[in-house]
There are 2 protein chains.
Amino acid sequence: MLRRFATSLALFAVTALGSLVAPAFAQQTNSDPLPSWNEGPVKSAIVSFVHDATDQASPKFVPANDRIVTFDQDGTLWVEHPMYTQVMYCLERVPAVVKQEPELKDIEPFKTVLSGDREAIAKLPMKDLEEILAATLSGMTVDEFTVDVKKWLSTARDPRWHRPYTDLAFQPMLEGLRYFRANGFKTYIVTGGGQDFVRAYAEKVYGIPPEQVVGTMGGTKFAYGKHGEPELLKEPKLLLNDDHAGKPEGIHLMIGRRPCAAFGNSTGDREMLEYSGAGKAARLMMLVLHDDAAREYAYGPAQGLPETKVGTFTAGLYDEAKSRGWFVISMKSDWKRVFSFEN
Amino acid sequence: MLRRFATSLALFAVTALGSLVAPAFAQQTNSDPLPSWNEGPVKSAIVSFVHDATDQASPKFVPANDRIVTFDQDGTLWVEHPMYTQVMYCLERVPAVVKQEPELKDIEPFKTVLSGDREAIAKLPMKDLEEILAATLSGMTVDEFTVDVKKWLSTARDPRWHRPYTDLAFQPMLEGLRYFRANGFKTYIVTGGGQDFVRAYAEKVYGIPPEQVVGTMGGTKFAYGKHGEPELLKEPKLLLNDDHAGKPEGIHLMIGRRPCAAFGNSTGDREMLEYSGAGKAARLMMLVLHDDAAREYAYGPAQGLPETKVGTFTAGLYDEAKSRGWFVISMKSDWKRVFSFEN
């Protein structure tokens, strides 16, 4: 069983679905690397940070090798509502798992998932969800898994915009990724989601190669296939739960350096921002606040928004951000547009 | 306890110390990227592989993103005799550990290590060695550990050449690393040694940054220090034993792609070479054979060389290399010079 695997991944939230409003946005100019960001303290902070970190004359200069920027994924780089994309994948993979092991079809929680009853599925307790994740994310080679995720992503559609999930990356963040890379930063995803799942599309969607995806890590087992070919099988064994304290631990394991900038949106990112912020030279810590029900969603108890089970931006995290000088990105105020398909 | 940690690291070997002979070597020309390699099938294979992998017109072309080359460290990139450098570090760190926990001084195996009796130390059973590794590689922050390793390396001297261990990198392999990188390959170390230990010097010695060092991985624990500062403590907990089957598993965990070339020197590298060799397009698998007692060491039962406990190049591995088309690098015949300090 992937113990605690699910704690870093999933829960279901019932979210009011606002209508899609195409926002006005200013014309992009060549001189502005962040055209989807409104002018203001948040955008200025990003530009100032990059300037300080790359200016050899600045006391905050960061040597090229130490320019590491880490990004949470769900709710920071793309939409996480009404449920994490990976959980959607796991639920939709249940029929394939049951086909291989038919005796599961009358056993919970598989029976409930197969029923298609969304309300019942949403009520499944954590241990059932863990069982589904363990069953659907193991039992194949790593290459087969990547092929399957890519295939699923090519046909699956999100329930609100009826688009591929990979269309739901936030345009301002994509510009941020490119801006950092253009200035010699190495961009990493540091996600509570499954490392192999995110690797399957991170290069295409974010321009981030597999080796720069840090996620919740499952074990693999080296073996020889039917024809003697060496292969790696995905095992239902948790190596590292890359959430909360697991994020700095995962960063050390995979990168071995302290980031100089970090982006998140929930309490699961707190320790990553604290760890990144405690280093020397230029620093930038930012949290995305989902306060835009019209263009995306509005949730999290920070600033009196509705509490949900996905993406917990608590009032305590908001206070910590203010006291430590972390920036809060207001989706509503700071982003000129949210998605690339809006224009 | 770091269970099995030591199996990937250490054992002591009594090796005849040959005298150092400065070899003749041809003058370096600008046109030869591998001046310390003698002409022959091995050198030609490296050059042909790089040509095939980077030539868009070749059926063996490897896209830039997939140009991953992995190198074992001990015995492949630098000297591993008479014992692994990391074990030397751990043994020499015992007094510092005992100073912090004085009750250990009368307890085995610490008592034996403190005695300085080399013969008795060499006879310590595996479980004692594991205890020493666990005790000396944990109990400090990751930053403190890096500082300590660097400090130790700056003063420690190897017993044969009386030079810093970091001088004992093989010059032909350093040229190989640069040659690969100059052609768009990403070079990785994949070592049974401790990941954090090797990271402390890999950039300086090999030009390989911390995030490109895959090694035996210990856990860390995120915590707050005396003054509330976030820190990562090294724990005596094994996450992955990066040796034998653990090498391809570690490669997938840390890199997420199959290498197209891999270099090793012992049975611990077998699975890494098999896994790398099973991919498509251009491939290159090589094993260093230590057959040069005069300039370095001669050991391993392949080709009738003496068997030792460090670096087991067995006859079986030799046969597998021949049958799979892996190249065996004869240190004696293929390397014009072994160390940079020879000139």
# chains A, B, ... in the order shown; residues from 1 in each chain; ligands from 1
>>> interface_residues(of="chain B", to="chain A", cutoff="7 Å", atoms="only C-alpha atoms", output="PDB file with N, CA, C and O atoms, in the first residue's frame")
ATOM      1  N   PRO B 210      25.666  19.159  -8.065  1.00  0.00           N
ATOM      2  CA  PRO B 210      25.035  18.263  -7.085  1.00  0.00           C
ATOM      3  C   PRO B 210      23.816  17.529  -7.628  1.00  0.00           C
ATOM      4  O   PRO B 210      23.621  16.353  -7.333  1.00  0.00           O
ATOM      5  N   GLU B 211      23.000  18.214  -8.418  1.00  0.00           N
ATOM      6  CA  GLU B 211      21.758  17.586  -8.892  1.00  0.00           C
ATOM      7  C   GLU B 211      22.035  16.505  -9.926  1.00  0.00           C
ATOM      8  O   GLU B 211      21.121  15.771 -10.297  1.00  0.00           O
ATOM      9  N   THR B 220      16.636  12.624   5.112  1.00  0.00           N
ATOM     10  CA  THR B 220      16.873  13.823   5.915  1.00  0.00           C
ATOM     11  C   THR B 220      15.572  14.163   6.629  1.00  0.00           C
ATOM     12  O   THR B 220      14.500  13.664   6.274  1.00  0.00           O
ATOM     13  N   LYS B 221      15.681  15.022   7.621  1.00  0.00           N
ATOM     14  CA  LYS B 221      14.500  15.426   8.394  1.00  0.00           C
ATOM     15  C   LYS B 221      14.496  16.940   8.499  1.00  0.00           C
ATOM     16  O   LYS B 221      15.448  17.539   8.983  1.00  0.00           O
ATOM     17  N   PHE B 222      13.414  17.532   8.022  1.00  0.00           N
ATOM     18  CA  PHE B 222      13.250  18.984   8.126  1.00  0.00           C
ATOM     19  C   PHE B 222      12.958  19.351   9.578  1.00  0.00           C
ATOM     20  O   PHE B 222      12.130  18.718  10.227  1.00  0.00           O
ATOM     21  N   GLU B 229      15.687  28.647  12.673  1.00  0.00           N
ATOM     22  CA  GLU B 229      16.045  28.546  11.259  1.00  0.00           C
ATOM     23  C   GLU B 229      15.702  27.162  10.712  1.00  0.00           C
ATOM     24  O   GLU B 229      15.977  26.156  11.358  1.00  0.00           O
ATOM     25  N   PRO B 230      15.092  27.123   9.509  1.00  0.00           N
ATOM     26  CA  PRO B 230      14.765  25.814   8.926  1.00  0.00           C
ATOM     27  C   PRO B 230      16.053  25.106   8.522  1.00  0.00           C
ATOM     28  O   PRO B 230      16.955  25.729   7.959  1.00  0.00           O
ATOM     29  N   LEU B 239      17.271   5.345   2.066  1.00  0.00           N
ATOM     30  CA  LEU B 239      16.167   5.454   1.108  1.00  0.00           C
ATOM     31  C   LEU B 239      16.389   4.549  -0.098  1.00  0.00           C
ATOM     32  O   LEU B 239      15.469   3.914  -0.590  1.00  0.00           O
ATOM     33  N   ALA B 245      21.062  -3.632  -8.828  1.00  0.00           N
ATOM     34  CA  ALA B 245      19.743  -3.248  -9.348  1.00  0.00           C
ATOM     35  C   ALA B 245      19.347  -1.838  -8.888  1.00  0.00           C
ATOM     36  O   ALA B 245      18.548  -1.165  -9.540  1.00  0.00           O
ATOM     37  N   PRO B 248      19.920   1.243 -11.802  1.00  0.00           N
ATOM     38  CA  PRO B 248      18.831   1.691 -12.681  1.00  0.00           C
ATOM     39  C   PRO B 248      17.651   2.278 -11.906  1.00  0.00           C
ATOM     40  O   PRO B 248      17.011   3.228 -12.372  1.00  0.00           O
ATOM     41  N   GLU B 249      17.364   1.748 -10.720  1.00  0.00           N
ATOM     42  CA  GLU B 249      16.273   2.306  -9.919  1.00  0.00           C
ATOM     43  C   GLU B 249      16.592   3.749  -9.509  1.00  0.00           C
ATOM     44  O   GLU B 249      15.728   4.632  -9.582  1.00  0.00           O
ATOM     45  N   MET B 254      16.024   9.648 -10.040  1.00  0.00           N
ATOM     46  CA  MET B 254      16.670  10.958 -10.067  1.00  0.00           C
ATOM     47  C   MET B 254      16.644  11.612 -11.448  1.00  0.00           C
ATOM     48  O   MET B 254      16.687  12.833 -11.554  1.00  0.00           O
ATOM     49  N   ILE B 255      16.652  10.819 -12.503  1.00  0.00           N
ATOM     50  CA  ILE B 255      16.779  11.373 -13.854  1.00  0.00           C
ATOM     51  C   ILE B 255      15.475  11.189 -14.635  1.00  0.00           C
ATOM     52  O   ILE B 255      15.051  12.073 -15.375  1.00  0.00           O
ATOM     53  N   GLY B 256      14.875  10.015 -14.495  1.00  0.00           N
ATOM     54  CA  GLY B 256      13.607   9.779 -15.190  1.00  0.00           C
ATOM     55  C   GLY B 256      13.755   9.465 -16.670  1.00  0.00           C
ATOM     56  O   GLY B 256      12.776   9.496 -17.406  1.00  0.00           O
ATOM     57  N   GLU B 274      23.201  -2.843 -18.437  1.00  0.00           N
ATOM     58  CA  GLU B 274      22.132  -3.588 -19.127  1.00  0.00           C
ATOM     59  C   GLU B 274      20.958  -2.658 -19.443  1.00  0.00           C
ATOM     60  O   GLU B 274      20.414  -2.665 -20.551  1.00  0.00           O
ATOM     61  N   TYR B 275      20.565  -1.884 -18.444  1.00  0.00           N
ATOM     62  CA  TYR B 275      19.416  -0.977 -18.614  1.00  0.00           C
ATOM     63  C   TYR B 275      19.712   0.072 -19.688  1.00  0.00           C
ATOM     64  O   TYR B 275      18.880   0.333 -20.563  1.00  0.00           O
ATOM     65  N   ALA B 278      19.717  -1.348 -23.290  1.00  0.00           N
ATOM     66  CA  ALA B 278      18.459  -1.839 -23.853  1.00  0.00           C
ATOM     67  C   ALA B 278      17.647  -0.754 -24.547  1.00  0.00           C
ATOM     68  O   ALA B 278      16.589  -1.043 -25.109  1.00  0.00           O
TER      69      ALA B 278
END
>>> select_by_dssp(residues="region 168-288 of chain B", states="strand (DSSP E or B)", output="MDAnalysis selection string")
chainID B and resid 169 186:194 213:224 230:240 261:264 284:288
>>> residues_around(residues="Val288 (chain B)", least_positions_apart="4", cutoff="10 Å", atoms="only C-alpha atoms", output="ChimeraX atom specification")
/B:75-77,263-266,313,327-331,334
>>> write_last_selection(atoms="N, CA, C and O atoms", output="PDB file, in the first residue's frame")
ATOM      1  N   GLY B  75      36.598   3.536  -8.861  1.00  0.00           N
ATOM      2  CA  GLY B  75      37.185   2.591  -9.806  1.00  0.00           C
ATOM      3  C   GLY B  75      36.896   2.929 -11.253  1.00  0.00           C
ATOM      4  O   GLY B  75      37.467   2.319 -12.159  1.00  0.00           O
ATOM      5  N   THR B  76      35.983   3.870 -11.494  1.00  0.00           N
ATOM      6  CA  THR B  76      35.662   4.271 -12.868  1.00  0.00           C
ATOM      7  C   THR B  76      36.143   5.708 -13.131  1.00  0.00           C
ATOM      8  O   THR B  76      36.754   5.988 -14.153  1.00  0.00           O
ATOM      9  N   LEU B  77      35.847   6.601 -12.200  1.00  0.00           N
ATOM     10  CA  LEU B  77      36.292   7.987 -12.368  1.00  0.00           C
ATOM     11  C   LEU B  77      37.521   8.307 -11.525  1.00  0.00           C
ATOM     12  O   LEU B  77      38.242   9.253 -11.815  1.00  0.00           O
ATOM     13  N   PHE B 263      29.210   3.991 -17.987  1.00  0.00           N
ATOM     14  CA  PHE B 263      30.571   3.545 -17.690  1.00  0.00           C
ATOM     15  C   PHE B 263      30.630   2.971 -16.277  1.00  0.00           C
ATOM     16  O   PHE B 263      30.127   3.587 -15.346  1.00  0.00           O
ATOM     17  N   GLY B 264      31.273   1.822 -16.130  1.00  0.00           N
ATOM     18  CA  GLY B 264      31.430   1.233 -14.810  1.00  0.00           C
ATOM     19  C   GLY B 264      32.727   0.459 -14.738  1.00  0.00           C
ATOM     20  O   GLY B 264      33.589   0.564 -15.619  1.00  0.00           O
ATOM     21  N   ASN B 265      32.882  -0.335 -13.675  1.00  0.00           N
ATOM     22  CA  ASN B 265      34.081  -1.164 -13.568  1.00  0.00           C
ATOM     23  C   ASN B 265      33.867  -2.417 -12.734  1.00  0.00           C
ATOM     24  O   ASN B 265      34.828  -3.118 -12.437  1.00  0.00           O
ATOM     25  N   SER B 266      32.624  -2.689 -12.315  1.00  0.00           N
ATOM     26  CA  SER B 266      32.441  -3.856 -11.446  1.00  0.00           C
ATOM     27  C   SER B 266      31.041  -4.433 -11.602  1.00  0.00           C
ATOM     28  O   SER B 266      30.186  -3.865 -12.288  1.00  0.00           O
ATOM     29  N   PHE B 313      35.418  -7.059 -10.750  1.00  0.00           N
ATOM     30  CA  PHE B 313      35.249  -7.280 -12.186  1.00  0.00           C
ATOM     31  C   PHE B 313      35.432  -8.780 -12.405  1.00  0.00           C
ATOM     32  O   PHE B 313      36.538  -9.260 -12.612  1.00  0.00           O
ATOM     33  N   PHE B 327      32.371  -2.421 -24.272  1.00  0.00           N
ATOM     34  CA  PHE B 327      33.817  -2.291 -24.421  1.00  0.00           C
ATOM     35  C   PHE B 327      34.504  -2.387 -23.066  1.00  0.00           C
ATOM     36  O   PHE B 327      34.007  -1.874 -22.070  1.00  0.00           O
ATOM     37  N   VAL B 328      35.646  -3.073 -23.061  1.00  0.00           N
ATOM     38  CA  VAL B 328      36.464  -3.140 -21.858  1.00  0.00           C
ATOM     39  C   VAL B 328      37.663  -2.214 -22.063  1.00  0.00           C
ATOM     40  O   VAL B 328      38.422  -2.363 -23.019  1.00  0.00           O
ATOM     41  N   ILE B 329      37.768  -1.229 -21.174  1.00  0.00           N
ATOM     42  CA  ILE B 329      38.882  -0.280 -21.243  1.00  0.00           C
ATOM     43  C   ILE B 329      40.052  -0.885 -20.476  1.00  0.00           C
ATOM     44  O   ILE B 329      39.967  -1.070 -19.260  1.00  0.00           O
ATOM     45  N   SER B 330      41.114  -1.190 -21.169  1.00  0.00           N
ATOM     46  CA  SER B 330      42.321  -1.643 -20.477  1.00  0.00           C
ATOM     47  C   SER B 330      43.101  -0.412 -20.055  1.00  0.00           C
ATOM     48  O   SER B 330      43.590   0.356 -20.887  1.00  0.00           O
ATOM     49  N   MET B 331      43.193  -0.242 -18.759  1.00  0.00           N
ATOM     50  CA  MET B 331      43.935   0.908 -18.244  1.00  0.00           C
ATOM     51  C   MET B 331      45.364   0.914 -18.793  1.00  0.00           C
ATOM     52  O   MET B 331      45.903   1.956 -19.144  1.00  0.00           O
ATOM     53  N   ASP B 334      44.906   1.226 -23.050  1.00  0.00           N
ATOM     54  CA  ASP B 334      44.082   2.279 -23.657  1.00  0.00           C
ATOM     55  C   ASP B 334      44.375   3.678 -23.123  1.00  0.00           C
ATOM     56  O   ASP B 334      43.960   4.655 -23.727  1.00  0.00           O
TER      57      ASP B 334
END
>>> select_by_dssp(residues="region 79-247 of chain B", states="helix (DSSP H, G or I)", output="PyMOL selection string")
chain B and resi 85-100+102-106+110-115+118-122+126-136+142-155+165-168+171-182+195-206+210-212+246-247
>>> atom_distance(atom1="CA of Pro259 (chain B)", atom2="CA of Leu177 (chain A)")
26.4 Å
>>> atom_distance(atom1="CA of Lys60 (chain B)", atom2="CA of Cys260 (chain B)")
10.6 Å
>>> closest_residue(among="A:Gly176, A:Asp292, A:Phe341, A:Asp158", to="Asp32 (chain A)", atoms="only C-alpha atoms")
A:Gly176
>>> residues_around(residues="Lys105 (chain B)", least_positions_apart="4", cutoff="12 Å", atoms="only C-alpha atoms", output="PyMOL selection string")
chain B and resi 94-101+109-115
>>> atom_distance(atom1="CA of Thr155 (chain A)", atom2="CA of Leu168 (chain A)")
14.3 Å
>>> decode(residues="region 66-83 of chain B", atoms="C-alpha atoms", output="mmCIF file, in the first residue's frame")
data_model
loop_
_atom_site.group_PDB
_atom_site.id
_atom_site.type_symbol
_atom_site.label_atom_id
_atom_site.label_comp_id
_atom_site.auth_asym_id
_atom_site.auth_seq_id
_atom_site.Cartn_x
_atom_site.Cartn_y
_atom_site.Cartn_z
ATOM 1 C CA ASP B 66 17.977 12.296 -24.197
ATOM 2 C CA ARG B 67 21.747 12.591 -24.220
ATOM 3 C CA ILE B 68 22.300 11.228 -20.725
ATOM 4 C CA VAL B 69 25.603 9.561 -19.831
ATOM 5 C CA THR B 70 26.112 7.900 -16.452
ATOM 6 C CA PHE B 71 29.413 7.140 -14.719
ATOM 7 C CA ASP B 72 30.103 4.980 -11.735
ATOM 8 C CA GLN B 73 32.628 6.753 -9.526
ATOM 9 C CA ASP B 74 34.868 4.451 -7.448
ATOM 10 C CA GLY B 75 37.185 2.591 -9.806
ATOM 11 C CA THR B 76 35.662 4.271 -12.868
ATOM 12 C CA LEU B 77 36.292 7.987 -12.368
ATOM 13 C CA TRP B 78 38.910 7.745 -9.618
ATOM 14 C CA VAL B 79 40.993 5.284 -7.606
ATOM 15 C CA GLU B 80 39.107 2.953 -5.260
ATOM 16 C CA HIS B 81 42.079 1.179 -3.657
ATOM 17 C CA PRO B 82 43.183 0.332 -1.055
ATOM 18 C CA MET B 83 39.725 1.370 0.218
#
